[in-house]
>>> print(open('my_file.pdb').read())   # PDB, N, CA and C atoms
MODEL        1
ATOM      1  N   MET S   1      99.547  88.193 -86.164
ATOM      2  CA  MET S   1      98.324  87.430 -86.165
ATOM      3  C   MET S   1      98.350  86.480 -87.366
ATOM      4  N   THR S   2      97.945  85.240 -87.121
ATOM      5  CA  THR S   2      97.969  84.244 -88.194
ATOM      6  C   THR S   2      96.799  84.436 -89.153
ATOM      7  N   LYS S   3      96.895  83.770 -90.280
ATOM      8  CA  LYS S   3      95.828  83.809 -91.282
ATOM      9  C   LYS S   3      94.532  83.267 -90.686
ATOM     10  N   HIS S   4      94.632  82.185 -89.910
ATOM     11  CA  HIS S   4      93.444  81.573 -89.323
ATOM     12  C   HIS S   4      92.798  82.493 -88.282
ATOM     13  N   GLU S   5      93.607  83.203 -87.542
ATOM     14  CA  GLU S   5      93.070  84.157 -86.567
ATOM     15  C   GLU S   5      92.334  85.289 -87.278
ATOM     16  N   LYS S   6      92.900  85.771 -88.371
ATOM     17  CA  LYS S   6      92.239  86.824 -89.149
ATOM     18  C   LYS S   6      90.909  86.322 -89.722
ATOM     19  N   GLU S   7      90.895  85.077 -90.189
ATOM     20  CA  GLU S   7      89.663  84.488 -90.722
ATOM     21  C   GLU S   7      88.611  84.350 -89.620
ATOM     22  N   LEU S   8      89.037  83.918 -88.445
ATOM     23  CA  LEU S   8      88.122  83.783 -87.317
ATOM     24  C   LEU S   8      87.511  85.132 -86.943
ATOM     25  N   ILE S   9      88.331  86.149 -86.894
ATOM     26  CA  ILE S   9      87.847  87.490 -86.560
ATOM     27  C   ILE S   9      86.844  87.965 -87.610
ATOM     28  N   ALA S  10      87.119  87.726 -88.866
ATOM     29  CA  ALA S  10      86.206  88.142 -89.939
ATOM     30  C   ALA S  10      84.854  87.444 -89.803
ATOM     31  N   VAL S  11      84.871  86.168 -89.494
ATOM     32  CA  VAL S  11      83.622  85.415 -89.317
ATOM     33  C   VAL S  11      82.853  85.933 -88.104
ATOM     34  N   LEU S  12      83.551  86.146 -87.003
ATOM     35  CA  LEU S  12      82.891  86.654 -85.797
ATOM     36  C   LEU S  12      82.292  88.042 -86.030
ATOM     37  N   GLU S  13      83.014  88.894 -86.727
ATOM     38  CA  GLU S  13      82.498  90.237 -87.009
ATOM     39  C   GLU S  13      81.262  90.179 -87.896
ATOM     40  N   ALA S  14      81.236  89.265 -88.864
ATOM     41  CA  ALA S  14      80.049  89.094 -89.708
ATOM     42  C   ALA S  14      78.878  88.585 -88.873
ATOM     43  N   ASP S  15      79.136  87.644 -87.968
ATOM     44  CA  ASP S  15      78.082  87.152 -87.077
ATOM     45  C   ASP S  15      77.547  88.266 -86.189
ATOM     46  N   ILE S  16      78.439  89.101 -85.697
ATOM     47  CA  ILE S  16      78.015  90.212 -84.847
ATOM     48  C   ILE S  16      77.023  91.100 -85.595
ATOM     49  N   GLN S  17      77.328  91.426 -86.832
ATOM     50  CA  GLN S  17      76.415  92.277 -87.612
ATOM     51  C   GLN S  17      75.048  91.614 -87.775
ATOM     52  N   LYS S  18      75.042  90.323 -88.057
ATOM     53  CA  LYS S  18      73.773  89.608 -88.235
ATOM     54  C   LYS S  18      72.979  89.588 -86.937
ATOM     55  N   TRP S  19      73.635  89.225 -85.836
ATOM     56  CA  TRP S  19      72.922  89.115 -84.554
ATOM     57  C   TRP S  19      72.450  90.469 -84.061
ATOM     58  N   GLU S  20      73.199  91.534 -84.313
ATOM     59  CA  GLU S  20      72.741  92.865 -83.930
ATOM     60  C   GLU S  20      71.493  93.252 -84.713
ATOM     61  N   PHE S  21      71.453  92.915 -85.991
ATOM     62  CA  PHE S  21      70.271  93.194 -86.817
ATOM     63  C   PHE S  21      69.061  92.437 -86.279
ATOM     64  N   VAL S  22      69.238  91.155 -86.006
ATOM     65  CA  VAL S  22      68.141  90.326 -85.495
ATOM     66  C   VAL S  22      67.687  90.833 -84.125
ATOM     67  N   ALA S  23      68.629  91.182 -83.274
ATOM     68  CA  ALA S  23      68.292  91.683 -81.941
ATOM     69  C   ALA S  23      67.477  92.969 -82.037
ATOM     70  N   ARG S  24      67.893  93.883 -82.914
ATOM     71  CA  ARG S  24      67.136  95.135 -83.088
ATOM     72  C   ARG S  24      65.712  94.851 -83.558
ATOM     73  N   TYR S  25      65.566  93.886 -84.460
ATOM     74  CA  TYR S  25      64.230  93.513 -84.941
ATOM     75  C   TYR S  25      63.354  93.049 -83.771
ATOM     76  N   PHE S  26      63.855  92.106 -82.980
ATOM     77  CA  PHE S  26      63.068  91.592 -81.863
ATOM     78  C   PHE S  26      62.799  92.675 -80.819
ATOM     79  N   GLU S  27      63.776  93.516 -80.585
ATOM     80  CA  GLU S  27      63.635  94.569 -79.582
ATOM     81  C   GLU S  27      62.537  95.563 -79.959
ATOM     82  N   HIS S  28      62.449  95.903 -81.242
ATOM     83  CA  HIS S  28      61.544  96.962 -81.666
ATOM     84  C   HIS S  28      60.263  96.481 -82.349
ATOM     85  N   SER S  29      60.229  95.236 -82.812
ATOM     86  CA  SER S  29      59.095  94.801 -83.632
ATOM     87  C   SER S  29      58.311  93.620 -83.082
ATOM     88  N   VAL S  30      58.824  92.946 -82.075
ATOM     89  CA  VAL S  30      58.161  91.743 -81.570
ATOM     90  C   VAL S  30      57.721  91.991 -80.130
ATOM     91  N   ASN S  31      56.433  91.805 -79.878
ATOM     92  CA  ASN S  31      55.925  92.011 -78.520
ATOM     93  C   ASN S  31      56.212  90.827 -77.613
ATOM     94  N   GLU S  32      55.966  89.631 -78.126
ATOM     95  CA  GLU S  32      56.105  88.444 -77.280
ATOM     96  C   GLU S  32      56.479  87.241 -78.132
ATOM     97  N   ILE S  33      57.281  86.362 -77.556
ATOM     98  CA  ILE S  33      57.725  85.145 -78.246
ATOM     99  C   ILE S  33      57.359  83.965 -77.361
ATOM    100  N   GLU S  34      56.851  82.910 -77.988
ATOM    101  CA  GLU S  34      56.621  81.679 -77.246
ATOM    102  C   GLU S  34      57.768  80.731 -77.554
ATOM    103  N   LEU S  35      58.516  80.393 -76.529
ATOM    104  CA  LEU S  35      59.660  79.511 -76.673
ATOM    105  C   LEU S  35      59.211  78.058 -76.590
ATOM    106  N   MET S  36      60.121  77.161 -76.894
ATOM    107  CA  MET S  36      59.817  75.738 -76.753
ATOM    108  C   MET S  36      59.475  75.471 -75.295
ATOM    109  N   GLY S  37      58.479  74.671 -75.065
ATOM    110  CA  GLY S  37      58.040  74.392 -73.712
ATOM    111  C   GLY S  37      56.923  75.313 -73.260
ATOM    112  N   GLY S  38      56.541  76.259 -74.125
ATOM    113  CA  GLY S  38      55.420  77.123 -73.833
ATOM    114  C   GLY S  38      55.745  78.395 -73.077
ATOM    115  N   LYS S  39      56.999  78.565 -72.664
ATOM    116  CA  LYS S  39      57.372  79.782 -71.952
ATOM    117  C   LYS S  39      57.298  80.967 -72.913
ATOM    118  N   LYS S  40      56.773  82.090 -72.419
ATOM    119  CA  LYS S  40      56.678  83.296 -73.226
ATOM    120  C   LYS S  40      57.574  84.370 -72.635
ATOM    121  N   ILE S  41      58.266  85.091 -73.529
ATOM    122  CA  ILE S  41      59.088  86.225 -73.110
ATOM    123  C   ILE S  41      58.861  87.375 -74.083
ATOM    124  N   SER S  42      59.203  88.558 -73.644
ATOM    125  CA  SER S  42      59.052  89.716 -74.528
ATOM    126  C   SER S  42      60.136  89.709 -75.601
ATOM    127  N   GLY S  43      59.854  90.386 -76.689
ATOM    128  CA  GLY S  43      60.859  90.531 -77.746
ATOM    129  C   GLY S  43      62.095  91.236 -77.226
ATOM    130  N   ARG S  44      61.885  92.186 -76.324
ATOM    131  CA  ARG S  44      63.011  92.927 -75.740
ATOM    132  C   ARG S  44      63.905  91.998 -74.908
ATOM    133  N   ASP S  45      63.300  91.105 -74.116
ATOM    134  CA  ASP S  45      64.100  90.168 -73.320
ATOM    135  C   ASP S  45      64.864  89.199 -74.222
ATOM    136  N   PHE S  46      64.219  88.767 -75.305
ATOM    137  CA  PHE S  46      64.904  87.893 -76.252
ATOM    138  C   PHE S  46      66.091  88.625 -76.872
ATOM    139  N   ALA S  47      65.882  89.890 -77.218
ATOM    140  CA  ALA S  47      66.954  90.709 -77.796
ATOM    141  C   ALA S  47      68.112  90.842 -76.820
ATOM    142  N   LEU S  48      67.823  90.982 -75.537
ATOM    143  CA  LEU S  48      68.896  91.089 -74.541
ATOM    144  C   LEU S  48      69.798  89.858 -74.563
ATOM    145  N   GLY S  49      69.206  88.691 -74.743
ATOM    146  CA  GLY S  49      69.999  87.468 -74.866
ATOM    147  C   GLY S  49      70.894  87.500 -76.095
ATOM    148  N   LEU S  50      70.369  88.020 -77.183
ATOM    149  CA  LEU S  50      71.169  88.126 -78.407
ATOM    150  C   LEU S  50      72.296  89.138 -78.227
ATOM    151  N   TYR S  51      71.997  90.249 -77.566
ATOM    152  CA  TYR S  51      73.040  91.248 -77.300
ATOM    153  C   TYR S  51      74.138  90.663 -76.407
ATOM    154  N   HIS S  52      73.760  89.773 -75.504
ATOM    155  CA  HIS S  52      74.754  89.103 -74.660
ATOM    156  C   HIS S  52      75.682  88.251 -75.531
ATOM    157  N   GLN S  53      75.110  87.561 -76.503
ATOM    158  CA  GLN S  53      75.913  86.751 -77.422
ATOM    159  C   GLN S  53      76.856  87.641 -78.230
ATOM    160  N   VAL S  54      76.381  88.787 -78.651
ATOM    161  CA  VAL S  54      77.214  89.745 -79.379
ATOM    162  C   VAL S  54      78.391  90.182 -78.508
ATOM    163  N   ALA S  55      78.120  90.464 -77.244
ATOM    164  CA  ALA S  55      79.188  90.871 -76.323
ATOM    165  C   ALA S  55      80.226  89.767 -76.162
ATOM    166  N   GLU S  56      79.782  88.521 -76.114
ATOM    167  CA  GLU S  56      80.717  87.393 -76.020
ATOM    168  C   GLU S  56      81.595  87.313 -77.268
ATOM    169  N   HIS S  57      81.012  87.565 -78.425
ATOM    170  CA  HIS S  57      81.794  87.560 -79.667
ATOM    171  C   HIS S  57      82.843  88.676 -79.643
ATOM    172  N   HIS S  58      82.443  89.868 -79.173
ATOM    173  CA  HIS S  58      83.396  90.974 -79.070
ATOM    174  C   HIS S  58      84.548  90.609 -78.128
ATOM    175  N   ALA S  59      84.233  89.964 -77.018
ATOM    176  CA  ALA S  59      85.263  89.556 -76.065
ATOM    177  C   ALA S  59      86.199  88.535 -76.687
ATOM    178  N   LEU S  60      85.664  87.605 -77.448
ATOM    179  CA  LEU S  60      86.495  86.599 -78.107
ATOM    180  C   LEU S  60      87.414  87.246 -79.140
ATOM    181  N   ILE S  61      86.905  88.211 -79.878
ATOM    182  CA  ILE S  61      87.736  88.928 -80.833
ATOM    183  C   ILE S  61      88.888  89.599 -80.106
ATOM    184  N   GLY S  62      88.598  90.225 -78.974
ATOM    185  CA  GLY S  62      89.653  90.867 -78.179
ATOM    186  C   GLY S  62      90.717  89.884 -77.731
ATOM    187  N   LYS S  63      90.293  88.697 -77.310
ATOM    188  CA  LYS S  63      91.250  87.666 -76.878
ATOM    189  C   LYS S  63      92.139  87.217 -78.034
ATOM    190  N   VAL S  64      91.532  87.035 -79.203
ATOM    191  CA  VAL S  64      92.290  86.586 -80.364
ATOM    192  C   VAL S  64      93.296  87.658 -80.777
ATOM    193  N   LYS S  65      92.851  88.919 -80.779
ATOM    194  CA  LYS S  65      93.742  90.004 -81.191
ATOM    195  C   LYS S  65      94.886  90.216 -80.203
ATOM    196  N   ASN S  66      94.619  90.031 -78.929
ATOM    197  CA  ASN S  66      95.636  90.257 -77.906
ATOM    198  C   ASN S  66      96.463  89.036 -77.555
ATOM    199  N   GLY S  67      96.156  87.927 -78.202
ATOM    200  CA  GLY S  67      96.929  86.704 -77.969
ATOM    201  C   GLY S  67      96.581  86.087 -76.723
TER
ENDMDL
END
>>> encode(input="my_file.pdb", output="structure tokens")
Amino acid sequence: MTKHEKELIAVLEADIQKWEFVARYFEHSVNEIELMGGKKISGRDFALGLYHQVAEHHALIGKVKNG
């Protein structure tokens, strides 16, 4: 694995930790969010979107590690 690949993985892993923290906050502490355009969703639904982003980061890490 190249130096740049290792750096990319480190950045993605740090992002994963941040997004998981934010997702847990919205999932457990926010009842409803008003998005741009006036649409409202639950904190749990917003968290699900963040968890999806986390899963994409995990998949990208797997691709980088496996070449």
>>> atom_distance(input="my_file.pdb", atom1="atom CA of Glu34 of chain S", atom2="atom CA of Gly49 of chain S")
14.8 Å
>>> resolve_selection(input="my_file.pdb", expression="the PyMOL selection byres ((chain S and resi 32) around 7)", output="PyMOL selection string")
chain S and resi 29-31+33-34+40-44
>>> atom_distance(input="my_file.pdb", atom1="atom C of Lys6 of chain S", atom2="atom CA of Ala23 of chain S")
24.5 Å
>>> residues_around(input="my_file.pdb", residues="segment 11-15 of chain S", least_positions_apart="5", cutoff="10 Å", atoms="only C-alpha atoms", output="list in words")
Glu5, Lys6, Glu20, Phe21, Gln53, Val54, His57, His58, Leu60 and Ile61 of chain S
>>> select_by_dssp(input="my_file.pdb", residues="chain S", states="helix (DSSP H, G or I)", output="MDAnalysis selection string")
chainID S and resid 3:29 43:66
>>> atom_distance(input="my_file.pdb", atom1="atom C of Leu35 of chain S", atom2="atom CA of Lys18 of chain S")
21.9 Å
>>> closest_residue(input="my_file.pdb", among="S:Val22, S:Ala10, S:Ile16, S:Val64", to="Phe46 of chain S", atoms="only N, CA and C atoms")
S:Val22
>>> axis_aligned_box(input="my_file.pdb", around="segment 18-36 of chain S", padding_each_side="4 Å", output="lines of an AutoDock Vina configuration file")
center_x = 65.5
center_y = 86.2
center_z = -81.8
size_x = 27.1
size_y = 29.5
size_z = 20.9
>>> select_by_dssp(input="my_file.pdb", residues="chain S", states="strand (DSSP E)", output="list in words")
Glu32, Ile33, Glu34, Lys40, Ile41 and Ser42 of chain S
>>> build_atoms(input="my_file.pdb", residues="segment 40-51 of chain S", atoms="all heavy atoms", output="compact mmCIF listing (two decimals), in the frame of the given file")
# COMPACT_ATOMS: atom_id res chain seq x y z
N LYS S 40 56.77 82.09 -72.42
CA LYS S 40 56.68 83.30 -73.23
C LYS S 40 57.57 84.37 -72.64
O LYS S 40 57.65 84.53 -71.42
CB LYS S 40 55.24 83.80 -73.27
CG LYS S 40 54.31 82.85 -74.00
CD LYS S 40 52.91 83.39 -74.05
CE LYS S 40 52.01 82.40 -74.77
NZ LYS S 40 50.64 82.89 -74.90
N ILE S 41 58.27 85.09 -73.53
CA ILE S 41 59.09 86.22 -73.11
C ILE S 41 58.86 87.38 -74.08
O ILE S 41 58.40 87.16 -75.21
CB ILE S 41 60.60 85.87 -73.03
CG1 ILE S 41 61.16 85.51 -74.41
CG2 ILE S 41 60.87 84.78 -72.02
CD1 ILE S 41 62.67 85.40 -74.46
N SER S 42 59.20 88.56 -73.64
CA SER S 42 59.05 89.72 -74.53
C SER S 42 60.14 89.71 -75.60
O SER S 42 61.21 89.11 -75.42
CB SER S 42 59.13 91.01 -73.72
OG SER S 42 60.46 91.22 -73.26
N GLY S 43 59.85 90.39 -76.69
CA GLY S 43 60.86 90.53 -77.75
C GLY S 43 62.10 91.24 -77.23
O GLY S 43 63.22 90.92 -77.62
N ARG S 44 61.88 92.19 -76.32
CA ARG S 44 63.01 92.93 -75.74
C ARG S 44 63.90 92.00 -74.91
O ARG S 44 65.13 92.07 -75.00
CB ARG S 44 62.50 94.07 -74.89
CG ARG S 44 63.59 94.91 -74.33
CD ARG S 44 63.05 96.06 -73.50
NE ARG S 44 64.15 96.90 -73.12
CZ ARG S 44 64.30 98.15 -73.48
NH1 ARG S 44 63.39 98.72 -74.21
NH2 ARG S 44 65.34 98.84 -73.10
N ASP S 45 63.30 91.10 -74.12
CA ASP S 45 64.10 90.17 -73.32
C ASP S 45 64.86 89.20 -74.22
O ASP S 45 66.00 88.85 -73.94
CB ASP S 45 63.22 89.39 -72.34
CG ASP S 45 62.77 90.24 -71.17
OD1 ASP S 45 63.39 91.29 -70.90
OD2 ASP S 45 61.79 89.85 -70.51
N PHE S 46 64.22 88.77 -75.31
CA PHE S 46 64.90 87.89 -76.25
C PHE S 46 66.09 88.62 -76.87
O PHE S 46 67.18 88.07 -77.01
CB PHE S 46 63.93 87.43 -77.33
CG PHE S 46 64.50 86.40 -78.26
CD1 PHE S 46 64.68 85.09 -77.85
CD2 PHE S 46 64.86 86.74 -79.56
CE1 PHE S 46 65.21 84.13 -78.71
CE2 PHE S 46 65.40 85.80 -80.42
CZ PHE S 46 65.56 84.49 -79.99
N ALA S 47 65.88 89.89 -77.22
CA ALA S 47 66.95 90.71 -77.80
C ALA S 47 68.11 90.84 -76.82
O ALA S 47 69.28 90.81 -77.24
CB ALA S 47 66.42 92.08 -78.19
N LEU S 48 67.82 90.98 -75.54
CA LEU S 48 68.90 91.09 -74.54
C LEU S 48 69.80 89.86 -74.56
O LEU S 48 71.02 89.98 -74.43
CB LEU S 48 68.31 91.31 -73.14
CG LEU S 48 67.69 92.68 -72.91
CD1 LEU S 48 67.04 92.73 -71.53
CD2 LEU S 48 68.72 93.78 -73.05
N GLY S 49 69.21 88.69 -74.74
CA GLY S 49 70.00 87.47 -74.87
C GLY S 49 70.89 87.50 -76.10
O GLY S 49 72.05 87.06 -76.05
N LEU S 50 70.37 88.02 -77.18
CA LEU S 50 71.17 88.13 -78.41
C LEU S 50 72.30 89.14 -78.23
O LEU S 50 73.42 88.91 -78.68
CB LEU S 50 70.29 88.51 -79.59
CG LEU S 50 69.22 87.49 -79.99
CD1 LEU S 50 68.34 88.04 -81.10
CD2 LEU S 50 69.85 86.17 -80.40
N TYR S 51 72.00 90.25 -77.57
CA TYR S 51 73.04 91.25 -77.30
C TYR S 51 74.14 90.66 -76.41
O TYR S 51 75.31 90.99 -76.56
CB TYR S 51 72.45 92.51 -76.66
CG TYR S 51 71.66 93.37 -77.61
CD1 TYR S 51 70.39 93.81 -77.26
CD2 TYR S 51 72.17 93.75 -78.84
CE1 TYR S 51 69.65 94.63 -78.13
CE2 TYR S 51 71.45 94.56 -79.71
CZ TYR S 51 70.18 94.98 -79.35
OH TYR S 51 69.46 95.78 -80.21
